[in-house]
$ cat target-v8.cif   # mmCIF, C-alpha atoms
data_data
loop_
_atom_site.label_atom_id
_atom_site.label_comp_id
_atom_site.auth_asym_id
_atom_site.auth_seq_id
_atom_site.Cartn_x
_atom_site.Cartn_y
_atom_site.Cartn_z
CA MET A 1 55.22 -56.51 -82.66
CA GLU A 2 58.05 -58.17 -80.86
CA GLN A 3 59.76 -54.84 -80.48
CA LEU A 4 56.60 -53.29 -79.08
CA LEU A 5 56.31 -56.08 -76.53
CA ARG A 6 59.94 -55.70 -75.56
CA PHE A 7 59.42 -51.96 -75.23
CA LEU A 8 56.41 -52.50 -72.97
CA MET A 9 58.25 -55.10 -70.89
CA ARG A 10 61.09 -52.70 -70.40
CA TYR A 11 59.17 -49.55 -69.60
CA GLY A 12 55.93 -51.09 -68.29
CA VAL A 13 56.78 -50.06 -64.72
CA TYR A 14 57.06 -46.43 -65.73
CA PHE A 15 53.71 -46.55 -67.52
CA LEU A 16 52.11 -48.20 -64.51
CA PHE A 17 53.65 -45.58 -62.22
CA VAL A 18 52.37 -42.67 -64.32
CA PHE A 19 48.98 -44.35 -64.67
CA LEU A 20 48.50 -44.94 -60.91
CA GLU A 21 49.71 -41.45 -60.02
CA ALA A 22 47.35 -39.97 -62.62
CA ILE A 23 44.36 -41.81 -61.14
CA SER A 24 45.27 -40.71 -57.60
CA PHE A 25 45.81 -37.14 -58.70
CA VAL A 26 42.44 -37.00 -60.45
CA PHE A 27 40.89 -38.21 -57.20
CA VAL A 28 42.71 -35.56 -55.19
CA VAL A 29 41.80 -32.73 -57.56
CA ASN A 30 38.15 -33.70 -57.75
CA GLN A 31 37.93 -34.30 -54.02
CA ASN A 32 34.68 -32.45 -53.63
CA SER A 33 32.83 -34.36 -56.31
CA PHE A 34 34.28 -37.68 -55.18
CA GLN A 35 33.29 -37.06 -51.61
CA ARG A 36 29.75 -37.47 -52.90
CA ALA A 37 30.66 -40.91 -54.25
CA SER A 38 29.96 -42.83 -51.11
CA PHE A 39 31.94 -45.95 -52.09
CA LEU A 40 35.09 -43.86 -51.74
CA SER A 41 34.22 -42.48 -48.33
CA SER A 42 34.21 -43.84 -44.83
CA SER A 43 30.46 -44.34 -44.96
CA ASN A 44 30.78 -47.31 -47.31
CA TYR A 45 29.87 -50.69 -45.90
CA LEU A 46 33.36 -52.11 -45.39
CA SER A 47 35.01 -49.20 -43.67
CA ALA A 48 31.91 -48.22 -41.72
CA SER A 49 31.56 -51.70 -40.25
CA VAL A 50 35.26 -51.78 -39.31
CA TYR A 51 34.83 -48.41 -37.61
CA ALA A 52 31.64 -49.60 -35.90
CA ALA A 53 33.43 -52.70 -34.58
CA ALA A 54 36.39 -50.66 -33.34
CA ASN A 55 34.05 -48.14 -31.77
CA SER A 56 32.17 -50.85 -29.89
CA VAL A 57 35.46 -51.63 -28.12
CA VAL A 58 36.65 -48.06 -27.63
CA GLU A 59 33.31 -46.73 -26.41
CA TYR A 60 33.74 -48.49 -23.05
CA PHE A 61 36.69 -46.27 -22.29
CA GLY A 62 34.64 -43.15 -22.99
CA LEU A 63 31.58 -44.27 -21.09
CA SER A 64 32.04 -42.04 -18.07
CA GLU A 65 32.47 -38.97 -20.28
CA ALA A 66 29.48 -39.99 -22.41
CA ASN A 67 27.46 -40.54 -19.23
CA ARG A 68 28.37 -37.12 -17.94
CA GLN A 69 27.37 -35.48 -21.20
CA LEU A 70 24.09 -37.35 -21.36
CA SER A 71 23.19 -36.54 -17.79
CA ASP A 72 24.09 -32.90 -18.43
CA GLU A 73 21.75 -32.89 -21.35
CA ASN A 74 19.13 -34.67 -19.32
CA ASN A 75 19.39 -31.96 -16.73
CA GLN A 76 19.03 -29.22 -19.30
CA LEU A 77 15.99 -30.90 -20.80
CA LYS A 78 14.39 -31.36 -17.40
CA ASN A 79 14.93 -27.71 -16.60
CA ARG A 80 13.34 -26.84 -19.89
CA VAL A 81 10.36 -29.06 -19.23
CA VAL A 82 9.82 -27.37 -15.89
CA ARG A 83 10.07 -23.94 -17.45
CA LEU A 84 7.79 -24.80 -20.33
CA GLU A 85 5.27 -26.41 -18.03
CA ALA A 86 5.21 -23.24 -15.99
CA GLU A 87 4.73 -21.17 -19.12
CA LEU A 88 2.02 -23.46 -20.34
CA ALA A 89 0.24 -23.28 -17.03
CA GLN A 90 0.43 -19.50 -17.17
CA LEU A 91 -0.95 -19.45 -20.71
CA THR A 92 -3.78 -21.86 -20.07
CA ASP A 93 -4.72 -20.03 -16.86
CA THR A 94 -6.03 -17.00 -18.68
CA THR A 95 -8.77 -19.20 -19.95
CA ASP A 96 -10.30 -17.69 -23.01
CA ARG A 97 -7.08 -16.59 -24.67
CA ARG A 98 -5.34 -18.65 -27.35
CA PRO A 99 -1.76 -19.72 -26.55
CA LEU A 100 0.64 -16.90 -27.44
CA VAL A 101 3.36 -19.25 -28.58
CA VAL A 102 3.02 -22.13 -30.97
CA ALA A 103 5.51 -24.88 -30.27
CA ASP A 104 8.43 -24.83 -32.69
CA LYS A 105 8.05 -28.01 -34.67
CA GLU A 106 10.00 -26.88 -37.71
CA TYR A 107 13.10 -28.71 -36.54
CA GLN A 108 13.36 -32.34 -35.60
CA PHE A 109 16.40 -34.06 -34.15
CA ILE A 110 17.73 -37.50 -35.05
CA ALA A 111 20.08 -38.94 -32.41
CA ALA A 112 23.22 -40.64 -33.75
CA LYS A 113 26.50 -42.02 -32.43
CA VAL A 114 29.93 -40.99 -33.67
CA ILE A 115 31.81 -44.10 -34.84
CA SER A 116 34.88 -42.37 -36.20
CA ASN A 117 36.23 -38.90 -35.70
CA SER A 118 39.49 -37.21 -36.62
CA ILE A 119 40.89 -33.89 -35.44
CA ASN A 120 44.51 -34.07 -36.57
CA LYS A 121 44.06 -33.24 -40.24
CA LEU A 122 43.24 -30.16 -42.27
CA GLN A 123 40.19 -31.89 -43.71
CA ASN A 124 38.79 -33.74 -40.73
CA SER A 125 35.72 -35.91 -40.98
CA ILE A 126 33.24 -37.71 -38.74
CA THR A 127 31.28 -40.91 -39.44
CA LEU A 128 27.86 -41.49 -37.86
CA ASN A 129 26.02 -44.78 -37.31
CA LYS A 130 22.76 -43.51 -38.82
CA GLY A 131 21.98 -43.07 -42.50
CA ARG A 132 19.35 -42.51 -45.12
CA LEU A 133 16.99 -45.10 -43.63
CA ASP A 134 16.96 -43.08 -40.41
CA GLY A 135 16.00 -39.93 -42.31
CA ILE A 136 19.43 -38.35 -42.67
CA GLU A 137 20.19 -36.52 -45.90
CA PRO A 138 23.21 -34.56 -47.18
CA GLU A 139 23.50 -30.95 -46.00
CA MET A 140 21.72 -31.48 -42.73
CA GLY A 141 23.25 -29.82 -39.69
CA VAL A 142 24.80 -31.84 -36.87
CA VAL A 143 24.85 -30.59 -33.26
CA ASN A 144 25.44 -32.02 -29.82
CA ASN A 145 24.38 -30.78 -26.42
CA GLN A 146 27.34 -28.37 -26.35
CA GLY A 147 26.94 -26.77 -29.76
CA VAL A 148 27.42 -27.07 -33.51
CA VAL A 149 29.41 -30.08 -34.77
CA GLY A 150 29.21 -29.88 -38.58
CA ILE A 151 27.24 -30.62 -41.73
CA VAL A 152 26.38 -34.01 -43.26
CA SER A 153 28.19 -34.57 -46.57
CA THR A 154 27.63 -38.18 -47.67
CA VAL A 155 24.88 -40.63 -46.76
CA THR A 156 24.51 -44.36 -47.33
CA SER A 157 21.65 -46.55 -46.12
CA HIS A 158 23.03 -47.00 -42.61
CA TYR A 159 25.89 -44.54 -42.21
CA ALA A 160 26.65 -40.86 -42.80
CA THR A 161 29.81 -38.79 -43.16
CA VAL A 162 29.98 -35.34 -41.58
CA ILE A 163 32.24 -32.41 -42.44
CA PRO A 164 32.91 -30.93 -38.98
CA VAL A 165 33.63 -27.31 -38.11
CA LEU A 166 37.26 -28.48 -37.85
CA ASN A 167 37.67 -28.75 -41.64
CA SER A 168 39.38 -26.05 -43.63
CA LYS A 169 36.53 -26.27 -46.15
CA SER A 170 33.79 -25.70 -43.59
CA ARG A 171 32.17 -22.25 -43.64
CA ILE A 172 29.30 -21.68 -41.25
CA SER A 173 27.39 -18.44 -41.04
CA CYS A 174 27.22 -17.21 -37.46
CA LYS A 175 26.65 -14.12 -35.34
CA SER A 176 27.46 -12.66 -31.97
CA LYS A 177 24.67 -13.46 -29.55
CA ARG A 178 25.04 -10.13 -27.75
CA SER A 179 25.34 -7.65 -30.62
CA GLY A 180 23.94 -9.67 -33.52
CA ASP A 181 26.90 -8.91 -35.83
CA PHE A 182 27.28 -11.50 -38.57
CA GLY A 183 30.38 -13.34 -39.73
CA VAL A 184 31.62 -16.60 -41.15
CA LEU A 185 33.10 -19.31 -38.95
CA VAL A 186 36.17 -21.04 -40.42
CA TRP A 187 39.07 -23.13 -39.14
CA ASN A 188 42.73 -22.40 -39.91
CA GLY A 189 43.78 -26.01 -39.43
CA ILE A 190 46.07 -25.50 -36.45
CA ASP A 191 44.45 -25.93 -33.04
CA PRO A 192 41.38 -28.20 -32.80
CA ASP A 193 40.15 -26.24 -29.78
CA TYR A 194 40.00 -22.88 -31.54
CA VAL A 195 38.15 -21.62 -34.62
CA GLN A 196 38.20 -18.24 -36.39
CA MET A 197 35.43 -15.84 -37.33
CA GLU A 198 35.93 -13.93 -40.56
CA GLU A 199 34.29 -11.14 -42.49
CA VAL A 200 33.24 -9.16 -39.44
CA PRO A 201 33.53 -5.46 -40.37
CA ARG A 202 35.41 -3.08 -38.06
CA HIS A 203 32.31 -1.21 -37.05
CA ALA A 204 30.82 -4.33 -35.45
CA VAL A 205 30.97 -4.68 -31.67
CA ILE A 206 32.64 -7.93 -30.63
CA ARG A 207 34.26 -8.48 -27.25
CA VAL A 208 36.22 -11.24 -25.59
CA GLY A 209 33.77 -13.59 -23.88
CA ASP A 210 30.98 -13.14 -26.42
CA THR A 211 29.05 -16.24 -27.41
CA LEU A 212 28.91 -16.94 -31.15
CA VAL A 213 25.72 -18.63 -32.30
CA THR A 214 24.31 -19.85 -35.63
CA SER A 215 22.63 -17.14 -37.66
CA GLY A 216 19.68 -19.22 -38.88
CA PHE A 217 20.08 -17.84 -42.41
CA SER A 218 20.19 -21.26 -44.01
CA SER A 219 17.93 -24.21 -43.48
CA ILE A 220 20.84 -26.18 -42.00
CA PHE A 221 20.88 -25.02 -38.38
CA PRO A 222 18.17 -23.42 -36.25
CA GLU A 223 19.04 -19.95 -35.02
CA GLY A 224 20.94 -19.51 -31.77
CA ILE A 225 22.90 -22.74 -31.36
CA PRO A 226 26.32 -21.94 -29.84
CA VAL A 227 29.34 -22.45 -32.09
CA GLY A 228 32.06 -20.84 -30.00
CA TYR A 229 33.16 -18.40 -27.29
CA VAL A 230 35.38 -15.47 -28.29
CA THR A 231 38.80 -15.73 -26.65
CA ARG A 232 40.75 -13.15 -28.64
CA CYS A 233 39.60 -10.32 -30.84
CA ALA A 234 41.62 -7.59 -32.48
CA THR A 235 41.36 -5.05 -35.27
CA PRO A 236 44.67 -5.17 -37.18
CA GLU A 237 45.69 -1.68 -38.40
CA ASN A 238 45.90 -2.56 -42.07
CA LYS A 239 42.75 -4.68 -42.35
CA SER A 240 39.13 -3.66 -42.65
CA TYR A 241 37.96 -6.76 -40.80
CA TYR A 242 38.22 -8.01 -37.25
CA SER A 243 40.52 -10.89 -36.48
CA ILE A 244 38.60 -13.08 -34.07
CA GLU A 245 39.48 -16.37 -32.42
CA ALA A 246 36.98 -18.46 -30.49
CA ARG A 247 37.00 -21.66 -28.45
CA THR A 248 34.73 -24.25 -30.08
CA ALA A 249 31.48 -24.85 -28.24
CA ALA A 250 31.50 -28.58 -28.97
CA VAL A 251 34.54 -30.43 -27.61
CA PHE A 252 35.72 -32.40 -30.64
CA ARG A 253 38.27 -34.50 -28.77
CA THR A 254 35.56 -36.38 -26.90
CA LEU A 255 32.67 -36.39 -29.33
CA SER A 256 30.38 -39.38 -28.80
CA TYR A 257 26.67 -38.67 -29.22
CA VAL A 258 25.28 -36.10 -31.66
CA LYS A 259 21.95 -35.02 -33.10
CA VAL A 260 21.22 -34.45 -36.76
CA VAL A 261 18.96 -31.49 -37.41
CA ARG A 262 16.14 -32.07 -39.84
CA PHE A 263 14.36 -28.95 -41.05
CA LYS A 264 10.82 -29.70 -42.08
CA TYR A 265 10.44 -27.05 -44.76
CA ARG A 266 13.95 -27.36 -46.21
CA GLU A 267 12.89 -27.84 -49.83
CA GLU A 268 10.37 -25.04 -49.57
CA LEU A 269 12.88 -22.56 -48.17
CA ARG A 270 15.43 -23.51 -50.79
CA GLU A 271 12.90 -23.02 -53.58
CA VAL A 272 11.88 -19.62 -52.35
CA GLN A 273 15.52 -18.57 -51.99
CA LYS A 274 16.26 -19.76 -55.51
CA GLU A 275 13.34 -17.86 -56.92
CA GLY A 276 14.41 -14.78 -55.06
CA GLU A 277 17.83 -14.95 -56.68
CA GLN A 278 16.44 -15.06 -60.21
CA MET B 1 58.20 -66.42 -53.50
CA SER B 2 57.20 -68.95 -50.90
CA THR B 3 53.69 -69.20 -49.49
CA ASN B 4 55.07 -68.41 -46.08
CA LEU B 5 56.41 -65.09 -47.27
CA VAL B 6 53.15 -64.18 -49.03
CA LEU B 7 51.23 -64.98 -45.86
CA LYS B 8 53.60 -62.89 -43.74
CA GLN B 9 53.36 -59.89 -46.07
CA THR B 10 49.56 -60.16 -46.32
CA LEU B 11 49.25 -60.22 -42.54
CA ARG B 12 51.57 -57.26 -42.24
CA PHE B 13 49.58 -55.38 -44.90
CA VAL B 14 46.22 -55.87 -43.16
CA LEU B 15 47.64 -55.20 -39.71
CA LEU B 16 49.34 -51.98 -40.76
CA VAL B 17 46.25 -50.64 -42.57
CA LEU B 18 44.14 -51.33 -39.48
CA LEU B 19 46.74 -49.81 -37.14
CA GLN B 20 46.94 -46.74 -39.36
CA VAL B 21 43.20 -46.05 -39.71
CA LEU B 22 42.16 -47.08 -36.21
CA ILE B 23 45.04 -45.70 -34.15
CA PHE B 24 47.56 -43.47 -35.90
CA ASN B 25 44.98 -41.42 -37.81
CA ASN B 26 43.10 -40.81 -34.58
CA ILE B 27 45.81 -39.42 -32.31
CA ARG B 28 44.43 -36.39 -30.54
CA PHE B 29 47.67 -34.89 -29.33
CA LEU B 30 48.45 -31.28 -30.30
CA GLY B 31 46.10 -31.56 -33.27
CA TYR B 32 48.72 -32.37 -35.88
CA VAL B 33 50.44 -35.54 -34.72
CA ASN B 34 49.70 -38.20 -37.34
CA PRO B 35 52.56 -40.70 -37.84
CA MET B 36 52.42 -42.91 -40.93
CA LEU B 37 53.68 -46.29 -39.79
CA PHE B 38 51.86 -48.01 -42.67
CA ILE B 39 54.81 -47.09 -44.93
CA TRP B 40 56.86 -49.73 -43.11
CA PHE B 41 55.14 -52.25 -45.40
CA VAL B 42 56.66 -50.58 -48.48
CA ILE B 43 59.99 -49.98 -46.71
CA ALA B 44 60.42 -53.62 -45.69
CA LEU B 45 58.96 -55.30 -48.79
CA PRO B 46 61.52 -57.84 -50.12
CA THR B 47 63.47 -56.35 -53.00
CA GLY B 48 62.88 -59.52 -55.02
CA VAL B 49 59.22 -58.52 -55.47
CA ASN B 50 58.45 -57.38 -59.03
CA ARG B 51 58.48 -53.58 -59.28
CA SER B 52 55.02 -53.42 -60.89
CA VAL B 53 53.60 -55.58 -58.11
CA THR B 54 55.17 -53.26 -55.56
CA LEU B 55 53.47 -50.26 -57.19
CA LEU B 56 50.09 -52.04 -57.31
CA LEU B 57 50.39 -53.08 -53.65
CA ALA B 58 51.27 -49.51 -52.68
CA PHE B 59 48.30 -48.21 -54.63
CA LEU B 60 45.97 -50.72 -52.99
CA MET B 61 47.24 -49.81 -49.52
CA GLY B 62 46.97 -46.08 -50.16
CA THR B 63 43.47 -46.40 -51.58
CA LEU B 64 42.30 -48.47 -48.61
CA ILE B 65 43.56 -45.86 -46.15
CA ASP B 66 42.05 -43.12 -48.33
CA ILE B 67 38.65 -44.78 -48.15
CA PHE B 68 38.84 -44.98 -44.38
CA SER B 69 39.96 -41.39 -43.88
CA ASN B 70 37.83 -39.71 -46.57
CA THR B 71 40.82 -38.40 -48.51
CA PRO B 72 40.38 -39.76 -52.05
CA GLY B 73 43.70 -40.20 -53.85
CA MET B 74 45.90 -38.57 -51.21
CA TYR B 75 47.53 -41.58 -49.56
CA ALA B 76 47.46 -43.51 -52.86
CA PHE B 77 49.47 -40.81 -54.63
CA ALA B 78 52.07 -40.47 -51.90
CA THR B 79 52.47 -44.22 -51.31
CA VAL B 80 52.85 -45.05 -55.02
CA PHE B 81 55.42 -42.29 -55.39
CA VAL B 82 57.49 -43.57 -52.47
CA ALA B 83 57.18 -47.16 -53.69
CA PHE B 84 58.47 -46.07 -57.08
CA ILE B 85 61.45 -44.16 -55.74
CA ARG B 86 62.36 -47.02 -53.35
CA LYS B 87 64.53 -48.95 -55.82
CA ASP B 88 66.60 -45.88 -56.69
CA LEU B 89 67.11 -45.03 -53.01
CA LEU B 90 68.26 -48.58 -52.29
CA LEU B 91 70.64 -48.47 -55.26
CA LEU B 92 71.96 -45.17 -53.97
CA PHE B 93 72.60 -46.22 -50.36
CA VAL B 94 73.13 -49.97 -50.36
CA PRO B 95 76.59 -51.24 -51.33
CA LYS B 96 76.65 -53.49 -54.40
CA ASP B 97 77.83 -56.57 -52.52
CA VAL B 98 74.56 -57.08 -50.65
CA TYR B 99 72.76 -59.99 -52.30
CA ALA B 100 69.88 -59.29 -54.70
CA ASP B 101 66.79 -60.42 -52.80
CA TYR B 102 66.58 -59.17 -49.24
CA GLU B 103 64.16 -57.50 -46.84
CA PRO B 104 65.52 -54.02 -46.01
CA SER B 105 66.12 -54.02 -42.25
CA VAL B 106 68.73 -53.01 -39.69
CA LYS B 107 69.91 -56.60 -39.55
CA VAL B 108 70.70 -56.79 -43.27
CA LEU B 109 71.80 -53.23 -44.01
CA GLY B 110 73.20 -52.03 -40.70
CA LEU B 111 71.84 -49.04 -38.83
CA PRO B 112 73.47 -46.10 -40.75
CA ILE B 113 72.39 -47.25 -44.22
CA PHE B 114 68.96 -48.34 -43.07
CA LEU B 115 68.40 -45.06 -41.26
CA LYS B 116 69.37 -43.02 -44.33
CA TYR B 117 67.05 -45.07 -46.50
CA VAL B 118 64.11 -44.90 -44.04
CA ALA B 119 64.56 -41.18 -43.43
CA CYS B 120 64.43 -40.41 -47.17
CA MET B 121 61.32 -42.57 -47.69
CA VAL B 122 59.49 -41.22 -44.65
CA ILE B 123 60.26 -37.53 -45.19
CA LEU B 124 59.26 -37.76 -48.87
CA LEU B 125 56.02 -39.52 -47.95
CA HIS B 126 55.06 -36.98 -45.30
CA LEU B 127 55.95 -34.02 -47.49
CA ILE B 128 53.80 -35.29 -50.37
CA LEU B 129 50.94 -36.32 -48.09
CA PHE B 130 50.70 -33.07 -46.17
CA SER B 131 51.18 -30.94 -49.30
CA LEU B 132 48.34 -32.78 -51.00
CA GLU B 133 46.23 -32.40 -47.87
CA ALA B 134 46.73 -28.64 -47.79
CA PHE B 135 46.64 -28.42 -51.60
CA SER B 136 47.72 -24.79 -51.57
CA PHE B 137 50.75 -22.74 -50.62
CA GLN B 138 48.70 -20.93 -48.04
CA HIS B 139 49.55 -23.46 -45.32
CA TYR B 140 53.19 -24.06 -46.29
CA TRP B 141 54.70 -23.59 -42.83
CA LEU B 142 52.06 -25.88 -41.31
CA VAL B 143 52.96 -28.49 -43.94
CA LEU B 144 56.65 -28.19 -43.01
CA LEU B 145 55.88 -28.38 -39.30
CA LYS B 146 53.72 -31.48 -39.72
CA THR B 147 56.30 -33.10 -42.00
CA GLY B 148 59.09 -32.46 -39.48
CA VAL B 149 57.28 -33.63 -36.36
CA ASN B 150 55.60 -36.66 -37.89
CA SER B 151 58.67 -37.80 -39.83
CA VAL B 152 60.63 -38.04 -36.60
CA ILE B 153 57.85 -40.02 -34.90
CA THR B 154 57.39 -42.34 -37.90
CA ILE B 155 61.14 -43.01 -38.16
CA LEU B 156 61.24 -43.87 -34.45
CA LEU B 157 58.24 -46.17 -34.88
CA VAL B 158 59.85 -47.92 -37.86
CA LEU B 159 63.08 -48.37 -35.87
CA SER B 160 61.05 -49.83 -33.01
CA THR B 161 59.98 -52.67 -35.33
CA GLN B 162 63.60 -53.66 -35.96
CA LYS B 163 65.73 -56.25 -34.24
CA PHE B 164 69.12 -54.75 -33.49
CA LYS B 165 70.94 -57.86 -32.27
#
$ encode --input "target-v8.cif" --output "structure tokens"
Amino acid sequence: MEQLLRFLMRYGVYFLFVFLEAISFVFVVNQNSFQRASFLSSSNYLSASVYAAANSVVEYFGLSEANRQLSDENNQLKNRVVRLEAELAQLTDTTDRRPLVVADKEYQFIAAKVISNSINKLQNSITLNKGRLDGIEPEMGVVNNQGVVGIVSTVTSHYATVIPVLNSKSRISCKSKRSGDFGVLVWNGIDPDYVQMEEVPRHAVIRVGDTLVTSGFSSIFPEGIPVGYVTRCATPENKSYYSIEARTAAVFRTLSYVKVVRFKYREELREVQKEGEQ
Amino acid sequence: MSTNLVLKQTLRFVLLVLLQVLIFNNIRFLGYVNPMLFIWFVIALPTGVNRSVTLLLAFLMGTLIDIFSNTPGMYAFATVFVAFIRKDLLLLFVPKDVYADYEPSVKVLGLPIFLKYVACMVILLHLILFSLEAFSFQHYWLVLLKTGVNSVITILLVLSTQKFK
């Protein structure tokens, strides 16, 4: 017994070292499953309130940029109202006909504020100040007035964590607005202003300047939200795919206000897709 | 250990964690600049502190930063490793005649020894951190680039905390 104790006293540090490293390593390896455990993510109460407090100070410095973005969006919305009003007037004019278009109410938007945002890592993340009580759930899309931002990963009562496009694990299905050719949007972890589009076959027609938009295949994003603008595209001799680089539509360096996309028939679509697979 | 010292180390701990998660992890320059000043806590911890306590403190610090930056286990692993190797590095670089309980700093060790010690700690930390972050050999040159750039910045930051005279 005494010998055992002496042994432990002598080598206890090494055991502790191995033990702590083992715990950390298990966390690292199971990153994906632990990201769901919200107490280990930045949406837990402690870290989220620290971020919220820090953000309430920092946001004053970004106010002019935030103002500009909001007024831009305001403008866009006003233009849309005018256009839609005109359309509506046109439709209601021809009295006895039913409206040709039914308003698209499948998607709702929940406005949220970014309280923490990183762009200098391989696995970047964003924390929002809205959570489950505001109707946000995991795997909802996040956009701002410029374009796609990312996908919600963890949700607590009042906060949510988002995996942005600038995360080497993010894969978002997208297409060229002009030609309709599909691909997958990924990020190589280097420049936070540029993302890459993969899996576009050589026979597709993609040109520099094309707008890349969401494909609308999943229930996460509506179709046609911009994700990037092609800045470089090439067909390497020895590859059967295009190599495409695009500037991100959303400017991640100055992200402040975003909208979470809520798809009304999400469960229904998922069910039907699951049944189709079987 | 006196209460004063505990208080000083606690303050430093909290301050460095906050600095790290609120400022250094949010630098938006070039997309890969992310210095790790928080390691100064482990670097400058008095050598009289029990080795097990040092490991536990390092683990706590790493886990806190992990929670803030959504990287479970990453900082904890790297910080604990560096905290463990610290004693051996000090034994390697510091001449035997320096007294047993001291706070590693330029004042006590002199610039050349301190710099060697800090450089080893910082480069190891960054290498482990960025390798774990990438978690594949696919990004190896990016890992090396980030390690190089950020190590230099972190070493400069650590030196900026030192009194030279």
$ residues_around --input "target-v8.cif" --residues "B:Ser160" --least-positions-apart "5" --cutoff "12 Å" --atoms "only C-alpha atoms" --output "ChimeraX atom specification"
/B:37,40,105-106,153-155
$ write_last_selection --input "target-v8.cif" --atoms "C-alpha atoms" --output "PDB file, in the coordinates of the input"
ATOM      1  CA  LEU B  37      53.680 -46.290 -39.790  1.00  0.00           C
ATOM      2  CA  TRP B  40      56.860 -49.730 -43.110  1.00  0.00           C
ATOM      3  CA  SER B 105      66.120 -54.020 -42.250  1.00  0.00           C
ATOM      4  CA  VAL B 106      68.730 -53.010 -39.690  1.00  0.00           C
ATOM      5  CA  ILE B 153      57.850 -40.020 -34.900  1.00  0.00           C
ATOM      6  CA  THR B 154      57.390 -42.340 -37.900  1.00  0.00           C
ATOM      7  CA  ILE B 155      61.140 -43.010 -38.160  1.00  0.00           C
TER       8      ILE B 155
END
$ resolve_selection --input "target-v8.cif" --expression "the PyMOL selection byres ((chain A) within 10 of (chain B))" --output "ChimeraX atom specification"
/A:12-18,20-32,34-35,38-44,46-48,50-51,54-55,116-127,161,168,188-193,252-254
$ closest_residue --input "target-v8.cif" --among "B:Ala100, B:Ile113, B:Val49, B:Ile39" --to "B:Leu19" --atoms "all atoms listed in the file"
B:Ile39
$ closest_residue --input "target-v8.cif" --among "A:Glu245, A:Glu237, A:Asp181, A:Glu223" --to "A:Val195" --atoms "only C-alpha atoms"
A:Glu245
$ closest_residue --input "target-v8.cif" --among "A:Arg202, A:Lys259, A:His158, A:Lys177" --to "A:Val227" --atoms "all atoms listed in the file"
A:Lys177
$ residues_around --input "target-v8.cif" --residues "stretch 9-12 of chain B" --least-positions-apart "6" --cutoff "10 Å" --atoms "only C-alpha atoms" --output "list in words"
Thr3, Leu18, Phe38, Trp40, Phe41, Ala44, Leu45 and Pro46 of chain B
$ axis_aligned_box --input "target-v8.cif" --around "stretch 96-103 of chain B" --padding-each-side "6 Å" --output "AutoDock Vina command-line options"
--center_x 71.0 --center_y -57.0 --center_z -50.8 --size_x 25.7 --size_y 18.9 --size_z 19.9
$ residues_around --input "target-v8.cif" --residues "A:Ile220" --least-positions-apart "6" --cutoff "12 Å" --atoms "only C-alpha atoms" --output "JSON, numbers by chain"
{"A": [106, 107, 108, 109, 137, 138, 139, 140, 141, 142, 143, 148, 149, 150, 151, 152, 172, 173, 174, 214, 260, 261, 262, 263, 264, 265, 266, 267, 269, 270]}
$ write_last_selection --input "target-v8.cif" --atoms "C-alpha atoms" --output "PDB file, in the frame of the given file"
ATOM      1  CA  GLU A 106      10.000 -26.880 -37.710  1.00  0.00           C
ATOM      2  CA  TYR A 107      13.100 -28.710 -36.540  1.00  0.00           C
ATOM      3  CA  GLN A 108      13.360 -32.340 -35.600  1.00  0.00           C
ATOM      4  CA  PHE A 109      16.400 -34.060 -34.150  1.00  0.00           C
ATOM      5  CA  GLU A 137      20.190 -36.520 -45.900  1.00  0.00           C
ATOM      6  CA  PRO A 138      23.210 -34.560 -47.180  1.00  0.00           C
ATOM      7  CA  GLU A 139      23.500 -30.950 -46.000  1.00  0.00           C
ATOM      8  CA  MET A 140      21.720 -31.480 -42.730  1.00  0.00           C
ATOM      9  CA  GLY A 141      23.250 -29.820 -39.690  1.00  0.00           C
ATOM     10  CA  VAL A 142      24.800 -31.840 -36.870  1.00  0.00           C
ATOM     11  CA  VAL A 143      24.850 -30.590 -33.260  1.00  0.00           C
ATOM     12  CA  VAL A 148      27.420 -27.070 -33.510  1.00  0.00           C
ATOM     13  CA  VAL A 149      29.410 -30.080 -34.770  1.00  0.00           C
ATOM     14  CA  GLY A 150      29.210 -29.880 -38.580  1.00  0.00           C
ATOM     15  CA  ILE A 151      27.240 -30.620 -41.730  1.00  0.00           C
ATOM     16  CA  VAL A 152      26.380 -34.010 -43.260  1.00  0.00           C
ATOM     17  CA  ILE A 172      29.300 -21.680 -41.250  1.00  0.00           C
ATOM     18  CA  SER A 173      27.390 -18.440 -41.040  1.00  0.00           C
ATOM     19  CA  CYS A 174      27.220 -17.210 -37.460  1.00  0.00           C
ATOM     20  CA  THR A 214      24.310 -19.850 -35.630  1.00  0.00           C
ATOM     21  CA  VAL A 260      21.220 -34.450 -36.760  1.00  0.00           C
ATOM     22  CA  VAL A 261      18.960 -31.490 -37.410  1.00  0.00           C
ATOM     23  CA  ARG A 262      16.140 -32.070 -39.840  1.00  0.00           C
ATOM     24  CA  PHE A 263      14.360 -28.950 -41.050  1.00  0.00           C
ATOM     25  CA  LYS A 264      10.820 -29.700 -42.080  1.00  0.00           C
ATOM     26  CA  TYR A 265      10.440 -27.050 -44.760  1.00  0.00           C
ATOM     27  CA  ARG A 266      13.950 -27.360 -46.210  1.00  0.00           C
ATOM     28  CA  GLU A 267      12.890 -27.840 -49.830  1.00  0.00           C
ATOM     29  CA  LEU A 269      12.880 -22.560 -48.170  1.00  0.00           C
ATOM     30  CA  ARG A 270      15.430 -23.510 -50.790  1.00  0.00           C
TER      31      ARG A 270
END
$ atom_distance --input "target-v8.cif" --atom1 "atom CA of A:Ala204" --atom2 "atom CA of A:Val186"
18.2 Å
$ resolve_selection --input "target-v8.cif" --expression "the PyMOL selection byres ((chain B and resi 93) around 9)" --output "ChimeraX atom specification"
/B:88-92,94-95,113-114,116-117
